[in-house]
$ cat structure-v8.tsv   # TSV, C-alpha atoms
chain	number	residue	atom	x	y	z
X	268	MET	CA	-218.33	12.26	25.62
X	269	ASN	CA	-220.29	11.27	28.72
X	270	LEU	CA	-222.58	13.75	30.41
X	271	SER	CA	-220.96	12.85	33.73
X	272	GLU	CA	-217.66	14.25	32.41
X	273	ILE	CA	-219.20	17.64	31.61
X	274	ALA	CA	-219.41	20.51	34.08
X	275	TYR	CA	-221.31	22.92	31.82
X	276	ARG	CA	-224.83	23.11	30.39
X	277	ARG	CA	-224.45	26.03	27.94
X	278	VAL	CA	-221.24	27.00	26.14
X	279	VAL	CA	-220.34	29.87	23.81
X	280	VAL	CA	-217.53	29.08	21.35
X	281	LYS	CA	-215.84	32.05	19.68
X	282	LEU	CA	-213.75	31.37	16.57
X	283	GLY	CA	-211.33	34.01	15.31
X	284	THR	CA	-210.56	34.63	11.64
X	285	SER	CA	-207.06	33.19	12.08
X	286	VAL	CA	-208.59	29.92	13.33
X	287	LEU	CA	-211.09	29.70	10.47
X	288	THR	CA	-208.47	30.43	7.80
X	289	SER	CA	-205.57	28.61	9.50
X	290	GLY	CA	-203.51	31.73	8.74
X	291	SER	CA	-204.23	31.64	5.00
X	292	LYS	CA	-206.37	33.99	2.88
X	293	GLN	CA	-209.32	31.62	2.62
X	294	LEU	CA	-211.60	29.60	4.85
X	295	ASP	CA	-210.07	26.28	5.88
X	296	LYS	CA	-213.14	24.06	5.39
X	297	ALA	CA	-211.27	20.96	6.54
X	298	HIS	CA	-210.56	22.56	9.91
X	299	MET	CA	-214.03	24.09	10.13
X	300	VAL	CA	-215.66	20.67	9.75
X	301	GLU	CA	-213.44	19.36	12.57
X	302	LEU	CA	-214.62	22.19	14.81
X	303	ALA	CA	-218.24	21.51	13.79
X	304	ARG	CA	-217.72	17.84	14.68
X	305	GLN	CA	-216.56	18.76	18.18
X	306	MET	CA	-219.49	21.13	18.73
X	307	ALA	CA	-221.95	18.54	17.39
X	308	ALA	CA	-220.54	15.94	19.80
X	309	LEU	CA	-221.00	18.40	22.63
X	310	MET	CA	-224.64	18.96	21.67
X	311	LYS	CA	-225.24	15.22	21.39
X	312	SER	CA	-224.01	14.89	24.98
X	313	GLY	CA	-226.67	17.36	26.15
X	314	VAL	CA	-224.71	20.63	26.22
X	315	GLU	CA	-226.16	23.64	24.40
X	316	VAL	CA	-223.71	25.40	22.08
X	317	VAL	CA	-223.70	28.96	20.74
X	318	LEU	CA	-221.17	29.77	18.01
X	319	CYS	CA	-219.75	33.28	17.66
X	320	THR	CA	-217.88	33.29	14.36
X	321	SER	CA	-215.59	35.76	12.67
X	322	GLY	CA	-214.54	35.47	9.04
X	323	ALA	CA	-217.21	37.29	7.01
X	324	ILE	CA	-214.83	39.77	5.38
X	325	ALA	CA	-212.26	37.03	4.68
X	326	ALA	CA	-215.02	34.89	3.14
X	327	GLY	CA	-216.14	37.86	1.02
X	328	ARG	CA	-212.65	38.45	-0.32
X	329	GLU	CA	-212.30	34.77	-1.17
X	330	HIS	CA	-215.68	34.57	-2.91
X	331	LEU	CA	-214.94	37.68	-5.02
X	332	GLN	CA	-211.49	36.27	-5.84
X	333	TYR	CA	-209.53	38.84	-3.82
X	334	PRO	CA	-210.52	42.14	-5.50
X	335	ILE	CA	-208.28	45.17	-5.04
X	336	LEU	CA	-210.49	47.71	-3.30
X	337	PRO	CA	-209.76	50.99	-1.49
X	338	ASP	CA	-209.68	50.51	2.28
X	339	THR	CA	-212.95	52.31	3.03
X	340	MET	CA	-215.83	51.52	5.40
X	341	ALA	CA	-218.17	51.04	2.42
X	342	ASN	CA	-215.87	48.44	0.84
X	343	LYS	CA	-215.46	46.58	4.14
X	344	GLN	CA	-219.23	46.50	4.39
X	345	LEU	CA	-219.40	45.28	0.80
X	346	LEU	CA	-217.06	42.38	1.61
X	347	ALA	CA	-219.01	41.61	4.77
X	348	ALA	CA	-222.32	41.63	2.90
X	349	VAL	CA	-220.99	39.15	0.35
X	350	GLY	CA	-219.01	37.09	2.85
X	351	GLN	CA	-221.70	36.78	5.51
X	352	SER	CA	-223.89	34.65	3.24
X	353	GLN	CA	-220.90	32.52	2.26
X	354	LEU	CA	-219.88	32.06	5.89
X	355	ILE	CA	-223.34	31.00	7.08
X	356	LEU	CA	-223.69	28.72	4.04
X	357	ALA	CA	-220.43	27.01	4.95
X	358	TRP	CA	-221.48	26.50	8.58
X	359	SER	CA	-224.93	25.30	7.51
X	360	GLN	CA	-223.40	22.68	5.22
X	361	LEU	CA	-220.86	21.55	7.81
X	362	PHE	CA	-223.34	21.19	10.68
X	363	SER	CA	-225.80	19.40	8.38
X	364	ILE	CA	-223.27	16.55	8.18
X	365	TYR	CA	-224.12	15.91	11.83
X	366	GLY	CA	-227.86	16.38	11.38
X	367	LEU	CA	-227.93	19.88	12.88
X	368	HIS	CA	-229.58	23.08	11.66
X	369	VAL	CA	-228.17	26.56	12.22
X	370	GLY	CA	-229.78	29.96	12.79
X	371	GLN	CA	-228.06	33.30	12.23
X	372	LEU	CA	-228.11	36.34	14.54
X	373	LEU	CA	-226.38	39.47	13.24
X	374	LEU	CA	-225.94	41.97	16.06
X	375	THR	CA	-224.52	45.42	16.69
X	376	ARG	CA	-223.77	47.18	19.96
X	377	ALA	CA	-227.05	49.06	19.56
X	378	ASP	CA	-228.96	45.77	19.71
X	379	LEU	CA	-227.33	44.95	23.03
X	380	GLN	CA	-227.74	48.39	24.59
X	381	ASP	CA	-231.41	48.87	23.73
X	382	ARG	CA	-233.35	46.83	26.27
X	383	GLU	CA	-236.22	45.77	24.02
X	384	ARG	CA	-233.87	44.68	21.25
X	385	TYR	CA	-231.70	42.95	23.84
X	386	LEU	CA	-234.69	40.99	25.11
X	387	ASN	CA	-235.79	40.13	21.57
X	388	ALA	CA	-232.31	38.82	20.78
X	389	ARG	CA	-232.31	36.78	23.99
X	390	ASP	CA	-235.72	35.31	23.20
X	391	THR	CA	-234.55	34.31	19.70
X	392	LEU	CA	-231.36	32.80	21.08
X	393	ASN	CA	-233.23	30.77	23.69
X	394	ALA	CA	-235.80	29.61	21.13
X	395	LEU	CA	-233.04	28.34	18.83
X	396	LEU	CA	-231.36	26.48	21.68
X	397	ALA	CA	-234.67	25.00	22.86
X	398	ASN	CA	-235.14	23.49	19.40
X	399	ASN	CA	-231.61	22.07	19.15
X	400	ILE	CA	-230.58	24.62	16.50
X	401	VAL	CA	-227.06	26.06	16.62
X	402	PRO	CA	-227.22	29.87	16.99
X	403	ILE	CA	-224.46	31.47	14.92
X	404	ILE	CA	-223.66	35.03	15.98
X	405	ASN	CA	-221.60	37.65	14.19
X	406	GLU	CA	-221.36	41.42	14.16
X	407	ASN	CA	-223.63	42.93	11.51
X	408	ASP	CA	-220.67	44.43	9.66
X	409	ALA	CA	-222.68	45.11	6.50
X	410	VAL	CA	-224.62	47.91	8.23
X	411	ALA	CA	-222.62	48.67	11.39
X	412	THR	CA	-220.72	51.95	11.65
X	413	ASN	CA	-217.96	52.72	14.14
X	414	GLU	CA	-220.55	54.35	16.41
X	415	ILE	CA	-222.69	51.19	16.77
X	416	LYS	CA	-220.10	48.43	16.41
X	417	VAL	CA	-219.00	46.25	19.27
X	418	GLY	CA	-215.77	46.31	17.28
X	419	ASP	CA	-214.47	42.80	17.77
X	420	ASN	CA	-216.00	39.36	18.13
X	421	ASP	CA	-214.17	38.67	21.40
X	422	ASN	CA	-216.27	41.30	23.19
X	423	LEU	CA	-219.32	40.33	21.14
X	424	SER	CA	-218.95	36.72	22.27
X	425	ALA	CA	-218.72	37.82	25.92
X	426	ARG	CA	-221.94	39.77	25.55
X	427	ALA	CA	-223.52	36.80	23.80
X	428	ALA	CA	-222.51	34.65	26.78
X	429	LEU	CA	-224.30	37.11	29.08
X	430	LEU	CA	-227.25	37.24	26.68
X	431	CYS	CA	-227.82	33.49	26.84
X	432	ASP	CA	-226.70	33.01	30.46
X	433	ALA	CA	-223.86	30.65	29.48
X	434	ASP	CA	-221.64	28.76	31.91
X	435	LEU	CA	-218.50	28.82	29.78
X	436	LEU	CA	-216.97	31.03	27.09
X	437	ILE	CA	-214.25	29.46	24.92
X	438	LEU	CA	-212.13	31.94	22.95
X	439	LEU	CA	-210.24	30.03	20.27
X	440	THR	CA	-207.34	31.82	18.64
X	441	ASP	CA	-203.96	31.29	16.96
X	442	GLN	CA	-202.15	31.28	20.32
X	443	LYS	CA	-202.06	28.55	22.98
X	444	GLY	CA	-203.32	31.03	25.56
X	445	LEU	CA	-201.97	33.93	27.59
X	446	PHE	CA	-198.21	33.91	28.20
X	447	ASP	CA	-196.06	35.69	30.80
X	448	ALA	CA	-194.09	37.24	27.91
X	449	ASP	CA	-194.57	37.63	24.16
X	450	PRO	CA	-194.01	34.11	22.73
X	451	ARG	CA	-193.34	35.61	19.30
X	452	THR	CA	-190.15	37.24	20.53
X	453	ASN	CA	-189.28	35.40	23.75
X	454	PRO	CA	-188.61	31.64	23.43
X	455	ASN	CA	-188.71	31.33	27.23
X	456	ALA	CA	-192.27	32.66	27.51
X	457	LYS	CA	-194.45	30.41	29.68
X	458	LEU	CA	-198.14	29.74	29.34
X	459	ILE	CA	-200.28	31.07	32.19
X	460	SER	CA	-202.66	28.19	32.85
X	461	GLN	CA	-204.87	29.83	35.50
X	462	VAL	CA	-206.02	33.42	36.07
X	463	VAL	CA	-207.97	34.37	39.18
X	464	LYS	CA	-207.67	38.16	38.88
X	465	ILE	CA	-207.33	40.43	35.85
X	466	ASP	CA	-205.21	43.46	36.76
X	467	ASP	CA	-203.07	46.05	34.96
X	468	SER	CA	-199.95	43.88	35.02
X	469	LEU	CA	-201.86	41.12	33.23
X	470	ARG	CA	-203.22	43.55	30.65
X	471	MET	CA	-199.67	44.67	29.86
X	472	LEU	CA	-198.89	41.12	28.74
X	473	ALA	CA	-201.58	41.26	26.03
X	474	GLY	CA	-200.37	42.18	22.55
X	475	GLY	CA	-202.04	42.79	19.21
X	476	SER	CA	-203.41	40.46	16.57
X	477	VAL	CA	-200.73	37.99	15.51
X	478	SER	CA	-202.05	37.10	12.07
X	479	GLY	CA	-203.19	40.54	10.94
X	480	LEU	CA	-206.33	38.85	9.59
X	481	GLY	CA	-208.70	39.66	12.46
X	482	THR	CA	-209.64	42.67	14.57
X	483	GLY	CA	-208.95	41.15	17.98
X	484	GLY	CA	-205.68	40.49	19.73
X	485	MET	CA	-205.02	39.13	23.20
X	486	SER	CA	-206.02	42.46	24.75
X	487	THR	CA	-209.59	42.18	23.46
X	488	LYS	CA	-209.71	38.61	24.76
X	489	LEU	CA	-208.77	39.86	28.21
X	490	GLU	CA	-211.55	42.46	27.98
X	491	ALA	CA	-213.99	39.76	26.97
X	492	ALA	CA	-212.83	37.46	29.76
X	493	ASP	CA	-213.32	40.26	32.30
X	494	ILE	CA	-216.87	40.95	31.11
X	495	ALA	CA	-217.86	37.28	31.18
X	496	ARG	CA	-216.27	36.33	34.49
X	497	ARG	CA	-217.99	39.24	36.26
X	498	ALA	CA	-221.26	37.59	35.24
X	499	GLY	CA	-220.21	34.27	36.74
X	500	ILE	CA	-219.05	32.73	33.45
X	501	GLU	CA	-215.80	30.78	33.23
X	502	VAL	CA	-213.54	31.65	30.29
X	503	VAL	CA	-210.82	29.70	28.48
X	504	ILE	CA	-208.46	31.13	25.85
X	505	ALA	CA	-206.88	28.34	23.81
X	506	SER	CA	-205.52	27.42	20.40
X	507	GLY	CA	-208.18	26.62	17.84
X	508	HIS	CA	-205.85	24.04	16.32
X	509	HIS	CA	-205.17	22.07	19.50
X	510	PRO	CA	-206.50	18.52	18.94
X	511	ASP	CA	-210.03	18.09	20.34
X	512	VAL	CA	-209.69	21.49	22.01
X	513	ILE	CA	-213.42	22.07	22.60
X	514	LYS	CA	-213.95	18.63	24.10
X	515	LYS	CA	-210.90	18.98	26.33
X	516	VAL	CA	-211.85	22.44	27.58
X	517	VAL	CA	-215.40	21.36	28.41
X	518	SER	CA	-214.06	18.26	30.17
X	519	LYS	CA	-211.87	20.60	32.28
X	520	GLU	CA	-208.59	19.25	30.95
X	521	SER	CA	-205.63	21.61	31.28
X	522	VAL	CA	-205.71	23.42	27.93
X	523	GLY	CA	-204.93	27.09	27.34
X	524	THR	CA	-205.56	29.77	29.95
X	525	HIS	CA	-208.51	29.34	32.29
X	526	PHE	CA	-210.15	32.40	33.90
X	527	SER	CA	-212.12	31.73	37.08
X	528	ALA	CA	-215.59	33.21	37.39
X	529	ILE	CA	-216.14	35.82	40.07
X	530	GLU	CA	-218.02	34.47	43.07
X	531	ASN	CA	-221.60	35.53	43.73
X	532	PRO	CA	-222.28	36.07	40.01
X	533	LEU	CA	-225.95	36.89	40.41
X	534	GLU	CA	-225.11	39.88	42.58
X	535	SER	CA	-222.43	40.98	40.11
X	536	ARG	CA	-224.87	40.80	37.22
X	537	LYS	CA	-227.67	42.51	39.06
X	538	GLN	CA	-225.47	45.48	39.91
X	539	TRP	CA	-226.04	46.47	36.27
X	540	ILE	CA	-229.79	46.68	36.90
X	541	LEU	CA	-229.26	48.79	40.02
X	542	ALA	CA	-226.86	51.10	38.18
X	543	GLY	CA	-229.05	51.28	35.07
X	544	PRO	CA	-231.42	54.02	33.91
X	545	ALA	CA	-234.10	55.53	36.14
X	546	THR	CA	-237.21	53.42	36.61
X	547	GLN	CA	-239.95	54.22	34.10
X	548	GLY	CA	-242.92	52.92	36.06
X	549	SER	CA	-244.02	50.63	38.84
X	550	LEU	CA	-246.02	47.47	39.45
X	551	VAL	CA	-248.10	47.05	42.59
X	552	LEU	CA	-247.97	43.50	43.95
X	553	ASP	CA	-250.42	41.65	46.15
X	554	ALA	CA	-249.23	40.05	49.41
X	555	GLY	CA	-248.72	36.63	47.80
X	556	ALA	CA	-246.53	38.04	45.04
X	557	VAL	CA	-244.51	40.08	47.53
X	558	LYS	CA	-243.79	36.94	49.53
X	559	ALA	CA	-242.93	34.94	46.38
X	560	VAL	CA	-240.48	37.59	45.20
X	561	THR	CA	-238.83	38.49	48.52
X	562	ASP	CA	-238.88	35.21	50.47
X	563	LYS	CA	-238.92	32.51	47.83
X	564	GLY	CA	-236.78	34.05	45.08
X	565	ARG	CA	-239.52	33.62	42.49
X	566	SER	CA	-240.19	35.50	39.28
X	567	LEU	CA	-243.13	37.91	39.19
X	568	LEU	CA	-246.22	36.46	37.48
X	569	SER	CA	-249.19	38.40	36.10
X	570	LYS	CA	-251.57	36.96	38.70
X	571	GLY	CA	-249.77	38.81	41.50
X	572	ILE	CA	-250.01	42.29	39.91
X	573	ILE	CA	-252.83	44.50	41.18
X	574	GLY	CA	-251.69	47.82	39.71
X	575	VAL	CA	-249.69	49.21	36.79
X	576	LYS	CA	-248.32	52.77	36.95
X	577	GLY	CA	-246.57	54.67	34.17
X	578	GLN	CA	-246.16	54.29	30.42
X	579	PHE	CA	-243.26	52.08	29.42
X	580	GLU	CA	-242.05	49.70	26.75
X	581	ARG	CA	-240.97	46.09	27.00
X	582	GLY	CA	-237.52	45.90	28.62
X	583	ALA	CA	-238.03	49.00	30.79
X	584	THR	CA	-236.70	49.03	34.33
X	585	LEU	CA	-239.54	49.16	36.87
X	586	GLN	CA	-240.05	49.37	40.61
X	587	LEU	CA	-241.98	46.54	42.25
X	588	VAL	CA	-243.94	47.90	45.20
X	589	ASP	CA	-246.26	46.44	47.83
X	590	GLN	CA	-249.76	47.74	48.57
X	591	GLN	CA	-248.35	50.28	51.03
X	592	GLY	CA	-246.12	51.75	48.33
X	593	LYS	CA	-242.88	50.31	49.72
X	594	VAL	CA	-240.35	49.45	46.99
X	595	ILE	CA	-239.39	45.79	47.38
X	596	ALA	CA	-237.49	45.18	44.14
X	597	LYS	CA	-236.29	46.62	40.86
X	598	GLY	CA	-236.30	44.74	37.58
X	599	MET	CA	-236.77	44.64	33.82
X	600	THR	CA	-240.22	43.89	32.45
X	601	ARG	CA	-240.86	41.48	29.58
X	602	TYR	CA	-244.15	43.22	28.69
X	603	CYS	CA	-245.03	46.85	27.94
X	604	GLY	CA	-247.30	48.90	30.19
X	605	GLN	CA	-250.31	48.67	27.88
X	606	ALA	CA	-250.04	44.88	27.79
X	607	LEU	CA	-249.63	44.65	31.56
X	608	SER	CA	-252.80	46.67	32.09
X	609	LEU	CA	-254.67	43.91	30.22
X	610	ILE	CA	-253.09	40.90	31.93
X	611	ALA	CA	-252.62	42.19	35.52
X	612	GLY	CA	-254.33	39.83	37.93
X	613	LYS	CA	-254.83	37.17	35.25
X	614	HIS	CA	-253.43	33.65	35.21
X	615	SER	CA	-250.33	33.04	33.04
X	616	ASP	CA	-252.24	30.67	30.75
X	617	GLU	CA	-254.56	33.55	29.79
X	618	ILE	CA	-251.79	35.83	28.47
X	619	GLU	CA	-251.78	34.65	24.86
X	620	SER	CA	-255.56	34.76	24.52
X	621	LEU	CA	-255.69	38.28	25.96
X	622	LEU	CA	-252.75	39.76	24.04
X	623	GLY	CA	-252.46	37.57	20.95
X	624	TYR	CA	-248.83	36.80	21.83
X	625	ASP	CA	-246.82	35.44	24.73
X	626	TYR	CA	-243.33	36.38	25.94
X	627	GLY	CA	-243.46	33.77	28.68
X	628	ASP	CA	-245.06	33.42	32.12
X	629	ALA	CA	-242.59	35.68	33.94
X	630	ILE	CA	-243.45	39.38	33.83
X	631	VAL	CA	-240.17	40.19	35.60
X	632	HIS	CA	-237.89	37.16	35.66
X	633	ARG	CA	-235.89	36.60	38.83
X	634	ASN	CA	-232.66	36.82	36.76
X	635	ASP	CA	-233.69	40.36	35.73
X	636	MET	CA	-234.66	41.44	39.25
X	637	VAL	CA	-232.87	42.85	42.30
X	638	VAL	CA	-234.70	42.44	45.60
X	639	LEU	CA	-234.06	45.50	47.76
$ encode --input "structure-v8.tsv" --output "C-alpha cells"
Amino acid sequence: MNLSEIAYRRVVVKLGTSVLTSGSKQLDKAHMVELARQMAALMKSGVEVVLCTSGAIAAGREHLQYPILPDTMANKQLLAAVGQSQLILAWSQLFSIYGLHVGQLLLTRADLQDRERYLNARDTLNALLANNIVPIINENDAVATNEIKVGDNDNLSARAALLCDADLLILLTDQKGLFDADPRTNPNAKLISQVVKIDDSLRMLAGGSVSGLGTGGMSTKLEAADIARRAGIEVVIASGHHPDVIKKVVSKESVGTHFSAIENPLESRKQWILAGPATQGSLVLDAGAVKAVTDKGRSLLSKGIIGVKGQFERGATLQLVDQQGKVIAKGMTRYCGQALSLIAGKHSDEIESLLGYDYGDAIVHRNDMVVL
C-alpha cells in the first residue's frame, strides 16, 4: 500500500464478536491473523492504527470449555476476566508475526467522563502510537457495572476515536453495511453506500444484533457513527469478512456504508468544552501569550502565564484571561493548579526539572481550547 493512496493518518478499527468468531462459539484465529495482517500493512505504510476489540466473554467461554453458568453479572465478569487475558494473548501473538507489539487499555465510561482519567488515557494512547505499538482497547467488563459501562464497543470505539483524534473509524461487523430494508427478511434490500445525514428515518432502518453473540447491533453503530462524525471523523460500516476490507476502506474504495464527517469539526468538538462544567479557576496571560492564543491559534505555554487563580486538578476547565481581566478563551488544563504555580512564567524545558514529571509543553492545548 502506497502512502500516496492513503487519505488518513490515524485509524480506529472496531471488530465485533461476530467478526472475531466468524459466527461460531470460538475465536477464529485464521481470520484474526488476516485482520492483523491488514492492520500491520497499514502501519507499515505510515498510518497509525488503534484496535477496539470485542470478544472477551466469548474467549472466556472457549477457554473454560463452555461452562454452564447462571446468567448473572458476576458470571459475565468472571468470563470477561478469564477471556480478556486470552484475547490480548491472541492479538499479541498474531501481531508479533509482523514484528509489532501491542498495549492494552481497558476502559469504562467513568474513565472517559472524568477529565483527569480521560487525559491520562489519551496520554497513554498517544505514547503507544508514538512508539509504533498497537493500542488494543476494550471495555473493562471484569469490573464494570451497568452504571459505569459504555455498554457496547461500537460507542466505545467512537469515543476512542475522539480520544486519539482519529481521522477514520471503521466498524467491522457481520453485515455488508447499512441497508434500506432488513436484508435478513427482504431479498430486495439495497446497501446504502453513502450517508450525509443521520436522521430518525435512518435510525428506523437499524435492527438488533444478527448473530446474538455481541451486544451491538446496527443501531449502536449508527450512534457511534453520529458521535464520531460530529467530531470531524469519517466512519465506515462494512463486513469484517470482505476481502482486504481494511485496506480498501482506507484507500477510499466503495466498500460498506460511508458516513461523511460534519464540516467545521473543531467547532463541533469545542462546543463540548463550552457546554461543559463551570470553570474551576483562571490563568492570567501576558500580552505575548494573548496574541499567540487569539491571533495565531497557538497552544498556551507556561512562559506566557503570569498568574494562577483557584485550586483545580489536571483536566479542569479554566478561563484564560488577559491582564485586564478580560476572558479571552476557555480550555482544559494539562497541569493542576499547584503545579502551574511552580511553572508559571518558566520555559517549557524547565517543567520536568521543576515538577519531576512532564505532561508536555502545552498547558492548554489548542485542541482543548475555545477562543471567545
$ atom_distance --input "structure-v8.tsv" --atom1 "atom CA of X:Gly548" --atom2 "atom CA of X:Leu567"
15.3 Å
$ closest_residue --input "structure-v8.tsv" --among "X:Leu331, X:Ala491, X:Ala377, X:Ala528" --to "X:Asn420" --atoms "all atoms listed in the file"
X:Ala491
$ residues_near_point --input "structure-v8.tsv" --point "(-249.7, 40.3, 24.0)" --cutoff "12 Å" --atoms "all atoms listed in the file" --output "PyMOL selection string"
chain X and resi 581+601-610+615+617-628+630
$ closest_residue --input "structure-v8.tsv" --among "X:Gln442, X:Ser506, X:Asn422, X:Ser549" --to "X:Glu490" --atoms "only C-alpha atoms"
X:Asn422
$ closest_residue --input "structure-v8.tsv" --among "X:Met485, X:Gly444, X:Phe362, X:Tyr275" --to "X:Glu501" --atoms "all atoms listed in the file"
X:Tyr275
$ atom_distance --input "structure-v8.tsv" --atom1 "atom CA of X:Thr339" --atom2 "atom CA of X:Gly484"
21.7 Å
$ closest_residue --input "structure-v8.tsv" --among "X:Gln547, X:Ser527, X:Val349, X:Gly366" --to "X:Ala308" --atoms "only C-alpha atoms"
X:Gly366
$ axis_aligned_box --input "structure-v8.tsv" --around "stretch 355-367 of chain X" --padding-each-side "4 Å" --output "lines of an AutoDock Vina configuration file"
center_x = -224.2
center_y = 23.5
center_z = 8.5
size_x = 15.5
size_y = 23.1
size_z = 16.8
